[in-house]
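Asker: Supplied structure: start-v1.txt, compact mmCIF, C-alpha atoms and all ligand atoms.
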# COMPACT_ATOMS: atom_id res chain seq x y z
CA MET A 102 106.44 111.51 77.22
CA SER A 103 110.14 112.32 77.70
CA PRO A 104 112.43 111.57 74.71
CA ASP A 105 114.19 108.93 76.79
CA THR A 106 111.00 107.04 77.45
CA HIS A 107 109.99 107.44 73.81
CA ASP A 108 113.37 106.11 72.62
CA ILE A 109 113.22 103.15 74.98
CA ARG A 110 109.71 102.35 73.83
CA GLN A 111 110.66 102.40 70.15
CA ALA A 112 113.79 100.33 70.80
CA ALA A 113 111.77 97.86 72.87
CA LEU A 114 109.24 97.40 70.05
CA ARG A 115 112.04 96.88 67.52
CA THR A 116 113.72 94.36 69.80
CA LEU A 117 110.46 92.48 70.35
CA ASP A 118 110.02 92.34 66.59
CA SER A 119 113.34 90.53 66.31
CA ILE A 120 111.84 87.65 68.31
CA PRO A 121 109.71 85.42 66.09
CA ASP A 122 106.21 84.35 67.10
CA PRO A 123 106.48 80.54 66.83
CA LYS A 124 103.00 80.32 65.30
CA SER A 125 102.94 83.05 62.65
CA GLY A 126 106.69 83.45 62.13
CA GLN A 127 106.25 87.24 62.37
CA GLY A 128 107.99 89.37 64.98
CA LEU A 129 106.14 89.60 68.32
CA SER A 130 105.04 93.21 67.83
CA ALA A 131 103.99 92.66 64.21
CA ALA A 132 102.03 89.57 65.28
CA GLY A 133 100.03 91.75 67.69
CA LEU A 134 101.18 89.81 70.74
CA VAL A 135 102.63 92.78 72.63
CA LYS A 136 99.76 94.17 74.71
CA GLY A 137 99.84 97.13 77.08
CA LEU A 138 103.54 97.93 76.72
CA SER A 139 104.51 100.23 79.58
CA VAL A 140 107.79 102.06 80.00
CA GLU A 141 108.60 104.01 83.13
CA ASP A 142 111.91 104.87 84.78
CA GLY A 143 113.69 102.20 82.74
CA ARG A 144 111.15 99.54 83.71
CA VAL A 145 109.51 97.90 80.73
CA GLY A 146 106.62 95.50 80.85
CA PHE A 147 103.90 94.06 78.66
CA VAL A 148 101.36 91.28 78.51
CA LEU A 149 101.92 88.39 76.13
CA GLU A 150 98.42 87.01 75.63
CA VAL A 151 98.14 83.67 73.83
CA ALA A 152 95.53 80.92 73.45
CA ALA A 153 95.27 78.68 76.53
CA ALA A 154 96.49 75.65 74.57
CA ASP A 155 99.65 77.53 73.53
CA ALA A 156 100.59 78.86 76.98
CA ALA A 157 103.30 76.29 77.70
CA ALA A 158 104.84 76.70 74.24
CA TYR A 159 105.15 80.45 74.77
CA ALA A 160 106.98 80.31 78.11
CA PRO A 161 110.40 80.27 76.32
CA VAL A 162 109.22 83.20 74.17
CA ARG A 163 108.39 85.17 77.32
CA ASP A 164 111.83 84.40 78.75
CA ALA A 165 113.53 85.39 75.48
CA ALA A 166 111.54 88.64 75.39
CA GLU A 167 112.58 89.52 78.96
CA ARG A 168 116.24 88.79 78.20
CA ALA A 169 116.14 90.80 74.96
CA LEU A 170 114.48 93.79 76.65
CA LEU A 171 117.21 93.88 79.28
CA ASP A 172 119.72 94.44 76.44
CA VAL A 173 117.87 97.58 75.28
CA PRO A 174 119.90 100.64 76.38
CA GLY A 175 118.17 102.36 79.31
CA VAL A 176 116.16 99.33 80.39
CA THR A 177 116.86 98.35 83.98
CA ARG A 178 114.03 95.92 84.51
CA ALA A 179 111.87 93.84 82.18
CA GLN A 180 108.70 91.97 83.01
CA VAL A 181 106.56 90.01 80.60
CA VAL A 182 103.33 88.53 81.94
CA LEU A 183 102.21 85.49 79.95
CA THR A 184 98.44 85.12 80.07
CA ALA A 185 95.84 82.98 78.38
CA PRO A 186 92.18 83.94 78.08
CA ALA A 187 90.05 82.82 81.00
CA PRO A 188 87.86 79.71 80.74
CA THR A 189 84.58 80.00 78.88
CA VAL A 190 82.20 81.07 81.66
CA VAL A 191 84.46 83.72 83.13
CA GLN A 192 85.53 84.88 79.69
CA ARG A 193 81.95 85.42 78.61
CA ARG A 194 81.22 87.46 81.69
CA SER A 195 84.41 89.50 81.53
CA ALA A 196 83.87 90.25 77.85
CA GLN A 197 80.47 91.61 78.73
CA VAL A 198 81.89 93.79 81.46
CA SER A 199 84.89 95.10 79.56
CA SER A 200 82.91 95.96 76.44
CA ASP A 201 81.43 98.84 78.41
CA PRO A 202 83.30 99.74 81.57
CA ARG A 203 80.35 101.89 82.67
CA ALA A 204 77.98 98.96 82.21
CA ASP A 205 75.24 98.96 84.80
CA PRO A 206 76.31 96.17 87.14
CA ALA A 207 72.66 95.52 87.95
CA ALA A 208 72.14 94.49 84.31
CA MET A 209 74.84 91.81 84.39
CA PRO A 210 73.83 88.16 84.51
CA PRO A 211 74.07 86.42 87.89
CA ALA A 212 77.64 85.46 88.59
CA GLU A 213 78.71 81.84 88.94
CA HIS A 214 81.01 80.34 91.51
CA LEU A 215 84.68 79.79 90.89
CA PRO A 216 85.25 76.06 90.35
CA GLY A 217 86.26 74.24 93.53
CA VAL A 218 85.42 77.18 95.83
CA ALA A 219 82.42 76.83 98.18
CA ARG A 220 82.16 80.52 99.08
CA VAL A 221 83.90 83.78 98.24
CA ILE A 222 84.12 86.42 100.97
CA ALA A 223 85.32 89.94 100.17
CA VAL A 224 87.04 92.17 102.71
CA ALA A 225 86.40 95.80 101.81
CA SER A 226 86.50 99.24 103.36
CA GLY A 227 86.12 102.05 100.89
CA LYS A 228 88.87 104.00 102.63
CA GLY A 229 92.54 103.06 102.16
CA GLY A 230 94.90 102.14 104.95
CA VAL A 231 92.31 101.09 107.52
CA GLY A 232 93.67 97.55 107.76
CA LYS A 233 91.76 95.56 105.12
CA SER A 234 94.77 93.46 104.17
CA THR A 235 95.74 92.92 107.80
CA VAL A 236 92.21 91.73 108.56
CA ALA A 237 91.95 89.64 105.38
CA VAL A 238 95.22 87.76 106.02
CA ASN A 239 94.58 87.17 109.71
CA LEU A 240 90.96 86.21 109.22
CA ALA A 241 92.05 83.74 106.53
CA CYS A 242 94.53 82.26 109.02
CA ALA A 243 91.74 82.07 111.60
CA PHE A 244 89.52 80.14 109.16
CA ALA A 245 92.40 77.75 108.48
CA ARG A 246 92.94 77.18 112.23
CA LEU A 247 89.24 76.49 112.59
CA GLY A 248 89.65 73.64 110.11
CA LEU A 249 88.43 75.29 106.91
CA ARG A 250 90.34 74.87 103.66
CA THR A 251 91.07 78.51 102.99
CA GLY A 252 92.32 80.56 100.08
CA LEU A 253 93.41 84.19 99.99
CA LEU A 254 93.18 86.29 96.85
CA ASP A 255 94.99 89.60 96.98
CA ALA A 256 92.89 91.49 94.40
CA ASP A 257 94.88 94.72 94.77
CA ILE A 258 96.85 94.67 91.54
CA TYR A 259 98.26 98.19 92.05
CA GLY A 260 99.41 97.69 95.62
CA PRO A 261 99.61 93.97 96.35
CA SER A 262 100.37 93.18 99.98
CA ALA A 263 100.04 89.40 100.30
CA PRO A 264 103.73 88.69 99.52
CA ARG A 265 104.86 91.04 102.31
CA MET A 266 102.18 89.94 104.74
CA THR A 267 102.71 86.19 104.25
CA GLY A 268 106.46 86.32 103.60
CA ALA A 269 106.04 84.21 100.44
CA SER A 270 108.10 85.23 97.45
CA GLN A 271 108.24 82.22 95.14
CA LYS A 272 106.76 82.47 91.65
CA PRO A 273 103.60 80.44 91.07
CA ALA A 274 103.90 77.56 88.59
CA PHE A 275 101.97 77.97 85.32
CA ILE A 276 100.66 74.53 84.39
CA ASP A 277 98.31 73.78 81.49
CA GLY A 278 97.36 77.44 81.22
CA LYS A 279 96.56 77.78 84.94
CA LEU A 280 98.44 79.38 87.81
CA GLU A 281 99.01 77.23 90.90
CA PRO A 282 98.49 79.24 94.10
CA ILE A 283 101.29 79.46 96.65
CA VAL A 284 100.82 77.43 99.83
CA VAL A 285 101.88 79.31 102.97
CA TRP A 286 100.69 79.41 106.62
CA GLY A 287 98.13 76.73 105.79
CA LEU A 288 96.50 78.93 103.11
CA VAL A 289 96.54 78.80 99.33
CA VAL A 290 97.38 82.31 98.21
CA MET A 291 97.47 84.23 94.94
CA SER A 292 98.66 87.77 94.41
CA ILE A 293 99.85 89.72 91.41
CA GLY A 294 102.79 90.47 93.70
CA PHE A 295 104.00 86.89 93.16
CA LEU A 296 104.22 87.56 89.41
CA VAL A 297 105.70 91.05 89.37
CA ASP A 298 107.41 93.06 92.05
CA GLU A 299 105.40 95.64 94.03
CA ARG A 300 106.94 98.63 92.28
CA GLN A 301 106.25 97.10 88.88
CA ALA A 302 102.60 96.55 89.76
CA MET A 303 102.22 100.23 90.64
CA ILE A 304 102.98 101.40 87.09
CA TRP A 305 100.48 99.23 85.28
CA ARG A 306 98.15 100.88 82.87
CA GLY A 307 94.74 99.92 81.50
CA PRO A 308 95.22 96.84 79.30
CA MET A 309 97.91 95.31 81.48
CA ALA A 310 95.90 95.88 84.60
CA SER A 311 92.72 94.33 83.25
CA SER A 312 94.63 91.40 81.81
CA ALA A 313 96.34 90.85 85.15
CA LEU A 314 93.01 90.97 86.95
CA ARG A 315 91.45 88.54 84.53
CA GLN A 316 94.33 86.18 85.16
CA MET A 317 93.89 86.51 88.92
CA ILE A 318 90.20 85.73 88.61
CA GLY A 319 89.95 83.12 85.90
CA ASP A 320 93.32 81.44 85.59
CA VAL A 321 94.07 80.28 89.13
CA ARG A 322 93.66 76.63 90.06
CA TRP A 323 92.13 77.35 93.50
CA ASP A 324 91.39 73.69 94.14
CA ALA A 325 95.00 72.59 93.44
CA ARG A 326 95.15 71.17 97.01
CA GLY A 327 91.51 70.12 97.13
CA PRO A 328 88.28 72.13 97.12
CA LEU A 329 88.23 75.30 99.21
CA ASP A 330 85.65 75.97 101.93
CA VAL A 331 86.26 79.69 101.74
CA LEU A 332 88.19 82.12 99.56
CA VAL A 333 88.95 85.44 101.27
CA VAL A 334 89.38 88.31 98.80
CA ASP A 335 91.35 91.35 99.89
CA LEU A 336 89.85 94.17 97.78
CA PRO A 337 91.75 97.32 96.85
CA PRO A 338 90.59 100.54 98.54
CA GLY A 339 87.70 102.38 96.90
CA THR A 340 84.16 101.75 95.70
CA GLY A 341 84.33 102.60 91.99
CA ASP A 342 83.46 100.73 88.81
CA VAL A 343 86.53 98.54 89.10
CA HIS A 344 85.31 97.29 92.46
CA LEU A 345 81.81 96.63 91.21
CA THR A 346 83.18 94.65 88.28
CA LEU A 347 85.55 92.71 90.50
CA VAL A 348 82.88 91.78 93.00
CA GLN A 349 80.51 90.78 90.21
CA LYS A 350 83.05 88.68 88.35
CA LEU A 351 84.30 86.97 91.46
CA SER A 352 80.71 86.10 92.35
CA VAL A 353 81.24 87.26 95.92
CA ASP A 354 78.88 85.55 98.40
CA GLY A 355 79.33 87.88 101.32
CA ALA A 356 81.24 91.00 102.35
CA ILE A 357 83.04 92.04 105.49
CA ILE A 358 83.53 95.77 105.97
CA VAL A 359 86.56 97.02 107.86
CA SER A 360 86.54 100.50 109.35
CA THR A 361 88.44 102.46 111.90
CA PRO A 362 86.25 104.40 114.36
CA SER A 363 86.98 107.74 112.67
CA GLU A 364 84.15 109.53 110.88
CA VAL A 365 86.00 109.72 107.53
CA ALA A 366 86.49 105.96 107.53
CA LEU A 367 82.86 105.39 108.48
CA VAL A 368 81.63 107.51 105.56
CA ASP A 369 83.63 105.30 103.18
CA ALA A 370 82.46 102.14 104.95
CA ARG A 371 78.87 103.27 104.29
CA ARG A 372 79.78 103.71 100.59
CA ALA A 373 81.14 100.18 100.54
CA VAL A 374 77.91 98.83 102.01
CA THR A 375 75.95 100.71 99.32
CA MET A 376 78.21 99.28 96.62
CA PHE A 377 77.51 95.67 97.65
CA GLY A 378 73.80 96.47 97.56
CA LYS A 379 74.11 97.50 93.90
CA ILE A 380 75.35 94.09 92.77
CA ASN A 381 72.81 91.79 91.17
CA PRO A 382 71.88 89.87 93.24
CA PRO A 383 72.95 92.11 96.17
CA VAL A 384 75.90 90.79 98.16
CA PRO A 385 74.96 90.24 101.82
CA ILE A 386 77.01 92.17 104.35
CA LEU A 387 78.27 89.58 106.81
CA GLY A 388 79.32 92.25 109.23
CA VAL A 389 81.52 95.17 110.20
CA ILE A 390 84.87 94.92 111.99
CA GLU A 391 86.24 97.93 113.84
CA ASN A 392 90.00 97.98 113.36
CA MET A 393 92.38 100.12 115.42
CA ALA A 394 89.46 100.34 117.85
CA TYR A 395 91.59 101.42 120.80
CA PHE A 396 95.11 101.27 122.18
CA PRO A 397 95.53 99.31 125.40
CA ASP A 398 97.51 101.52 127.81
CA PRO A 399 100.67 99.49 128.54
CA ALA A 400 100.68 100.62 132.18
CA THR A 401 97.04 100.29 133.14
CA GLY A 402 95.45 98.27 130.33
CA ALA A 403 92.87 101.05 129.91
CA ARG A 404 91.49 101.35 126.38
CA LEU A 405 92.74 104.61 124.90
CA PRO A 406 90.45 105.70 122.02
CA ILE A 407 93.12 106.98 119.62
CA PHE A 408 90.77 107.26 116.58
CA GLY A 409 87.59 107.49 118.65
CA HIS A 410 85.80 104.36 119.74
CA GLY A 411 82.61 102.48 119.01
CA GLY A 412 81.78 104.33 115.77
CA ALA A 413 81.77 101.16 113.68
CA ARG A 414 79.50 99.35 116.14
CA THR A 415 77.02 102.25 116.06
CA GLU A 416 77.23 102.38 112.27
CA ALA A 417 76.58 98.63 112.01
CA GLU A 418 73.48 99.05 114.17
CA ARG A 419 72.32 101.94 112.00
CA LEU A 420 72.80 99.86 108.84
CA ALA A 421 71.20 96.83 110.51
CA VAL A 422 74.19 94.60 109.78
CA PRO A 423 76.06 92.44 112.33
CA PHE A 424 78.97 93.90 114.28
CA LEU A 425 81.67 91.24 114.27
CA GLY A 426 84.30 92.55 116.66
CA GLU A 427 86.96 95.09 117.61
CA ILE A 428 90.64 94.76 116.79
CA PRO A 429 92.84 96.98 118.98
CA ILE A 430 95.94 98.81 117.79
CA ASP A 431 98.54 96.14 118.40
CA ILE A 432 102.26 96.29 117.80
CA ALA A 433 102.64 92.52 117.34
CA LEU A 434 99.82 92.49 114.78
CA ARG A 435 101.53 95.25 112.80
CA ALA A 436 104.98 93.70 113.06
CA GLY A 437 103.65 90.27 112.12
CA THR A 438 101.89 91.38 108.97
CA ASP A 439 104.68 93.72 107.92
CA GLU A 440 107.30 90.99 108.42
CA GLY A 441 105.48 88.08 106.80
CA ARG A 442 104.25 86.30 109.96
CA PRO A 443 100.48 86.73 110.30
CA LEU A 444 99.81 86.96 114.03
CA VAL A 445 96.95 84.45 114.05
CA ALA A 446 99.23 81.80 112.54
CA SER A 447 102.40 82.64 114.48
CA GLU A 448 100.88 83.52 117.90
CA PRO A 449 97.38 82.04 117.93
CA GLU A 450 97.11 82.35 121.72
CA SER A 451 97.54 86.14 121.77
CA ALA A 452 94.49 88.19 122.76
CA VAL A 453 94.25 89.80 119.31
CA SER A 454 94.47 86.41 117.54
CA GLN A 455 91.63 85.24 119.77
CA VAL A 456 89.48 88.12 118.48
CA PHE A 457 90.06 86.94 114.89
CA LEU A 458 89.30 83.35 115.85
CA GLU A 459 86.11 84.46 117.59
CA ILE A 460 85.04 86.36 114.46
CA GLY A 461 85.80 83.23 112.40
CA ARG A 462 83.63 81.14 114.75
CA ARG A 463 80.82 83.70 114.62
CA LEU A 464 80.76 83.54 110.83
CA GLY A 465 80.32 79.79 111.23
CA PHE A 466 81.22 78.56 107.75
CA PRO A 467 81.04 74.76 107.56
CA ALA A 468 84.11 72.68 106.68
CA GLY A 469 84.01 70.19 103.81
CA SER A 470 81.13 71.92 102.06
N1 LIG A 501 95.09 96.81 114.45
C1 LIG A 501 96.25 97.28 114.00
N2 LIG A 501 97.23 97.59 114.88
C2 LIG A 501 98.41 98.10 114.46
N3 LIG A 501 98.73 98.30 113.16
C3 LIG A 501 97.78 97.98 112.24
C4 LIG A 501 96.51 97.44 112.61
N4 LIG A 501 95.81 97.23 111.46
C5 LIG A 501 96.60 97.59 110.44
N5 LIG A 501 97.79 98.04 110.91
C6 LIG A 501 98.91 98.56 110.12
O1 LIG A 501 98.42 99.65 109.32
C7 LIG A 501 99.02 99.64 108.03
C8 LIG A 501 97.92 99.57 106.97
O2 LIG A 501 97.25 98.32 107.09
P1 LIG A 501 96.78 97.51 105.81
O3 LIG A 501 97.84 97.46 104.76
O4 LIG A 501 96.23 96.23 106.30
O5 LIG A 501 95.61 98.48 105.33
P2 LIG A 501 94.75 98.41 104.00
O6 LIG A 501 93.41 98.92 104.34
O7 LIG A 501 94.84 97.07 103.38
O8 LIG A 501 95.52 99.45 103.10
P3 LIG A 501 95.31 99.71 101.51
O9 LIG A 501 94.07 100.53 101.42
O10 LIG A 501 96.54 100.45 101.12
O11 LIG A 501 95.16 98.37 100.85
C9 LIG A 501 99.95 98.43 108.01
O12 LIG A 501 101.27 98.84 108.31
C10 LIG A 501 99.42 97.53 109.10
O13 LIG A 501 100.44 96.71 109.68
MG MG A 502 95.41 96.50 101.42
Spit out the file's structure as structure tokens when you get a sec.

Answerer:
Amino acid sequence: MSPDTHDIRQAALRTLDSIPDPKSGQGLSAAGLVKGLSVEDGRVGFVLEVAAADAAAYAPVRDAAERALLDVPGVTRAQVVLTAPAPTVVQRRSAQVSSDPRADPAAMPPAEHLPGVARVIAVASGKGGVGKSTVAVNLACAFARLGLRTGLLDADIYGPSAPRMTGASQKPAFIDGKLEPIVVWGLVVMSIGFLVDERQAMIWRGPMASSALRQMIGDVRWDARGPLDVLVVDLPPGTGDVHLTLVQKLSVDGAIIVSTPSEVALVDARRAVTMFGKINPPVPILGVIENMAYFPDPATGARLPIFGHGGARTEAERLAVPFLGEIPIDIALRAGTDEGRPLVASEPESAVSQVFLEIGRRLGFPAGS
């Protein structure tokens, strides 16, 4: 740790101790309320975890802590995340998981549904950058256009993309210990990116990250606008323990695997399929989507196989899971998601949007369930 970072850390702890905990009267650090303090490049953050009943009373404490940290020499940015433990059911399960991060997921009790959510669908890939988030956002918009009440959970706490992809930037309200999702493009959306900025999220370490995840899972009022027919979860890349735990705790009902046609992506897609099979009970694979399947030649319309073609369809056949469709490389799709206008919502008539709508129809989830 560089002396600068060390000095900032010590000064931050002293400063936080000058703010009294309204309950115990002790300073915040002495009262044990400062969890997962992280200091990096002048950015300071920590989690202020309090009992659910006290959450509202501590909002001014969080604000005071952020203001005070900004006065510490060397601090350029301060972020305090106020969290309350998750409700009983989720808390019991998460305690079980976190007590042993290597816990055998197969030994965990069956997961229970999130309140007010009929089904939870995870979008996964194993490999990074293959278009999971693009597919998750546009598929969610397709469900909404097909008349389903749809939620989107951006579960990538290290690299959240929902704020950029939906264009939403407002902070969610924290009411009675619960976060209200943001309503945008006909979806209810939650992302850690609404609570902290993207760069901040990248520097999170262990305790902060798990606390943030717990908040995303257990503390969101998904049925704030009425019960949801489907909650689409955009998983972070990878297939490790974190993913297993996430899928288990979210009680995922079905998984959609996104892959490009390239062999490296397919290997990771296979790993993702294996991972869902390890959950107890195993999570059904609803199907595979081939993203960046081809590039339509602007002159002739011929399908140019930039990353190869058809690999995901063949793989789906091999794994005996449905093949749901092919998304071409499409400039408007990229521009839309990178500029906060999901294509399916902004240009539903486009050929690519029609592919997403067709996939949504194929999945056939009922409305009002
Ligand atoms: N079919 C497509 N056509 C053109 N660009 C695409 C397509 N799919 C995704 N992209 C672009 O590729 C980039 C990566 O996509 P995206 O962020 O959805 O991938 P990801 O799998 O979620 O990545 P990560 O693993 O980092 O979460 C983005 O800039 C996105 O706009
Ligand atoms: Mg992503």

Asker: Let me make sure I understand: among A:Glu281, A:Ala223, A:Gly461, A:Arg326, which one has the smallest atom-to-atom distance to Leu345 of chain A if we use all atoms listed in the file?

Answerer: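 Of A:Glu281, A:Ala223, A:Gly461, A:Arg326, the one nearest Leu345 of chain A is A:Ala223, counting all atoms listed in the file.
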
Asker: Pick out the closest residue to ligand MG 502 (chain A) from this set: A:Ser447, A:Thr346, A:Ser226, A:Ser360. Count only C-alpha atoms and all ligand atoms.

Answerer: A:Ser226

Asker: To check your reading of the model: which residues sit at most 7 Å from ligand MG 502 (chain A) when counting all atoms listed in the file? Write the answer as a short mmCIF file (atom, residue, chain, number, x, y, z; two decimals) with C-alpha atoms, in the coordinates of the input.

Answerer:
data_model
loop_
_atom_site.label_atom_id
_atom_site.label_comp_id
_atom_site.auth_asym_id
_atom_site.auth_seq_id
_atom_site.Cartn_x
_atom_site.Cartn_y
_atom_site.Cartn_z
CA GLY A 230 94.90 102.14 104.95
CA GLY A 232 93.67 97.55 107.76
CA LYS A 233 91.76 95.56 105.12
CA SER A 234 94.77 93.46 104.17
CA ASP A 257 94.88 94.72 94.77
CA SER A 262 100.37 93.18 99.98
CA ASP A 335 91.35 91.35 99.89
CA PRO A 337 91.75 97.32 96.85
CA PRO A 338 90.59 100.54 98.54
#

Asker: Between A:Ala313, A:Val218, A:Ala274, A:Val389, which is the closest to Leu351 of chain A once you count all atoms listed in the file?

Answerer: A:Val218

Asker: So which one's closest to Phe396 of chain A, A:Val453, A:Leu215, A:Ala263, A:Ala169? Using all atoms listed in the file, please.

Answerer: A:Val453
